[in-house]
Amino acid sequence: MICGPEAADRMSCSMKVTKTSGGGKMKKSIFKKAAVIALSVATIMTFSFASVFATTASSGTNAGNGTNAAVYLTKQLQMPEGTTTPTKDYTFSFTQNTDKSVATVAIADKIISFTSADAGSASDKVKTVTKQSDNITNGLSFTQEGVYTYTVKETTTAANSDIAKETVDSNTTYTLRLYVKSAETTGKYYVDKASVIKTVGSDGSAIAENDANKIDASVQTDSTNGFIFTGKYKEFVIAGAFQLVNTISDVYKTAPDADTSRTYSITVMIPTFTSTDTAVTSVIAIQGAGTEVSFTSGTAQDVTLTKGQALKFTSLPVGTVITVTDPSTTAMTPSYIQTVGGTSAAAKAGSLGAEQTSTQTITSGTAISDTNSVMNGYVNGLEFINTWATMSVTGVVVENMPFILMGIALAGAALLLIMRRRREQDEE
């Protein structure tokens, strides 16, 4: 309709213009809302992708302030409980893969040192000592952005000069990747993220290099640090590992035919720990004048010793547990003296007629040089002392019983003689 000068027409025209103008504003509002929603979705997706990338590509991250992300390497040394931690260095090499790295940046070998003062912790008869390197990325300098790739291994530890000690290194291999970015300062670069993936297991077998095998190497002095090399250490006590002595006390029984033999039940538990364990499943002990007695780990063995006779184990792994049971005897009171590491404890007395059991763990130590000292020079040992006891609750000694009975008989005969004499006198 064409607007005319009439009032009605002018009103109609005005209404049309107003309606047309309102429709344009609504369309613009819809477009603005759509744009805001699209921007928000894009922002969320951007952060999501960034988060996923950080999760899949990094096990050590950086706050973005230009300092290198931290990476720590852990060495764990396991040994049987009772073993003194060796004073020893363990070395780890970083070989750069030049095919996958943008530039050459060398990482020096890392050395982790252990000493006898490292006590560690023990669980289930296993002692574990854990130590960590300093930050591997400290002092590294880069000249360009990119990914720097390294193969990390534990180098072969020098053989122990002491044949009584054995070290087994870790076969584990890791791939370390350092993701380097430009810092805000021109010409400066830093490690933004670090990725560590296990590629060879502790048994030497290859492992697929994927995110499932990625570990966290950013944690310092914490058990959750996964960049770890686990090794084992074992020590043998060679000279005088253990000695069992049978002693019979003759306090009450001195007859030449006295029973001076004892049959002890002995169980030897040998720890399974290092490469030689398959060979060390049994041990040979020397009884008396050179008679050999064979023991299998975990199996009880009965050994008969006469008075003063000894059973000697001349070589045992540290951590070996020896359990000795002295059987019950109604005529004896048992006791034993235990020697550990050359130091003897006070005698532990048992009860008359009861069996007595002692359990002892072989610990680190050196044999005593003085053969006249504790346990005939043996570092670890047991001396069972069985004392002949009285058998009568009245305090009458069994060995005196024949004399007592003879005395009673003589007294009875004398009494009969006196009574007969009196009867004869009465008859007269």
# chains A, B, ... in the order shown; residues from 1 in each chain; ligands from 1
>>> residues_around(residues="Thr330 in chain A", least_positions_apart="3", cutoff="8 Å", atoms="only C-alpha atoms", output="mmCIF file with N, CA, C and O atoms, in the first residue's frame")
data_model
loop_
_atom_site.group_PDB
_atom_site.id
_atom_site.type_symbol
_atom_site.label_atom_id
_atom_site.label_comp_id
_atom_site.auth_asym_id
_atom_site.auth_seq_id
_atom_site.Cartn_x
_atom_site.Cartn_y
_atom_site.Cartn_z
ATOM 1 N N LEU A 352 62.235 -78.130 81.824
ATOM 2 C CA LEU A 352 62.556 -79.542 81.943
ATOM 3 C C LEU A 352 61.582 -80.383 81.124
ATOM 4 O O LEU A 352 60.364 -80.267 81.249
ATOM 5 N N GLY A 353 62.135 -81.225 80.250
ATOM 6 C CA GLY A 353 61.313 -82.122 79.456
ATOM 7 C C GLY A 353 60.650 -81.496 78.252
ATOM 8 O O GLY A 353 59.891 -82.167 77.553
ATOM 9 N N ALA A 354 60.897 -80.205 77.971
ATOM 10 C CA ALA A 354 60.266 -79.527 76.832
ATOM 11 C C ALA A 354 61.281 -79.301 75.724
ATOM 12 O O ALA A 354 62.459 -79.060 75.986
#
>>> select_by_dssp(residues="range 79-198 of chain A", states="strand (DSSP E or B)", output="PyMOL selection string")
chain A and resi 79-80+88-96+110-114+121-123+126-132+146-154+165-168+173-182+189-198
>>> residues_around(residues="Tyr174 in chain A", least_positions_apart="5", cutoff="7 Å", atoms="only C-alpha atoms", output="VMD selection string")
chain A and resid 151 to 153 196 to 200
>>> atom_distance(atom1="CA of Ile322 in chain A", atom2="CA of Pro86 in chain A")
23.8 Å
>>> residues_around(residues="range 177-186 of chain A", least_positions_apart="4", cutoff="7 Å", atoms="only C-alpha atoms", output="list of chain:residue names")
A:Gly66, A:Glu145, A:Gly146, A:Val147, A:Tyr148, A:Thr149, A:Tyr150, A:Tyr190, A:Val191, A:Asp192, A:Lys193, A:Ala194, A:Ser195, A:Val196
>>> closest_residue(among="A:Thr74, A:Thr267, A:Thr320, A:Asn97", to="Leu176 in chain A", atoms="only C-alpha atoms")
A:Asn97
>>> closest_residue(among="A:Glu154, A:Asn246, A:Phe114, A:Asp326", to="Leu311 in chain A", atoms="only C-alpha atoms")
A:Asn246
>>> atom_distance(atom1="CA of Gln96 in chain A", atom2="CA of Val168 in chain A")
25.5 Å
>>> residues_around(residues="Ser351 in chain A", least_positions_apart="3", cutoff="8 Å", atoms="only C-alpha atoms", output="list of chain:residue names")
A:Thr333, A:Pro334, A:Ala354, A:Glu355
>>> write_last_selection(atoms="N, CA and C atoms", output="mmCIF file, in the first residue's frame")
data_model
loop_
_atom_site.group_PDB
_atom_site.id
_atom_site.type_symbol
_atom_site.label_atom_id
_atom_site.label_comp_id
_atom_site.auth_asym_id
_atom_site.auth_seq_id
_atom_site.Cartn_x
_atom_site.Cartn_y
_atom_site.Cartn_z
ATOM 1 N N THR A 333 67.252 -80.540 81.180
ATOM 2 C CA THR A 333 66.759 -79.165 81.089
ATOM 3 C C THR A 333 67.549 -78.471 79.987
ATOM 4 N N PRO A 334 66.876 -78.002 78.919
ATOM 5 C CA PRO A 334 67.595 -77.407 77.785
ATOM 6 C C PRO A 334 67.881 -75.919 77.984
ATOM 7 N N ALA A 354 60.897 -80.205 77.971
ATOM 8 C CA ALA A 354 60.266 -79.527 76.832
ATOM 9 C C ALA A 354 61.281 -79.301 75.724
ATOM 10 N N GLU A 355 60.816 -79.376 74.463
ATOM 11 C CA GLU A 355 61.717 -79.087 73.357
ATOM 12 C C GLU A 355 61.962 -77.586 73.270
#
>>> closest_residue(among="A:Gly201, A:Gly342, A:Gly412, A:Gly308", to="Asn386 in chain A", atoms="only C-alpha atoms")
A:Gly308
>>> atom_distance(atom1="CA of Ile215 in chain A", atom2="CA of Asp89 in chain A")
24.6 Å
>>> residues_around(residues="Gln360 in chain A", least_positions_apart="5", cutoff="10 Å", atoms="only C-alpha atoms", output="ChimeraX atom specification")
/A:242,268,319-324,338-340,380-382
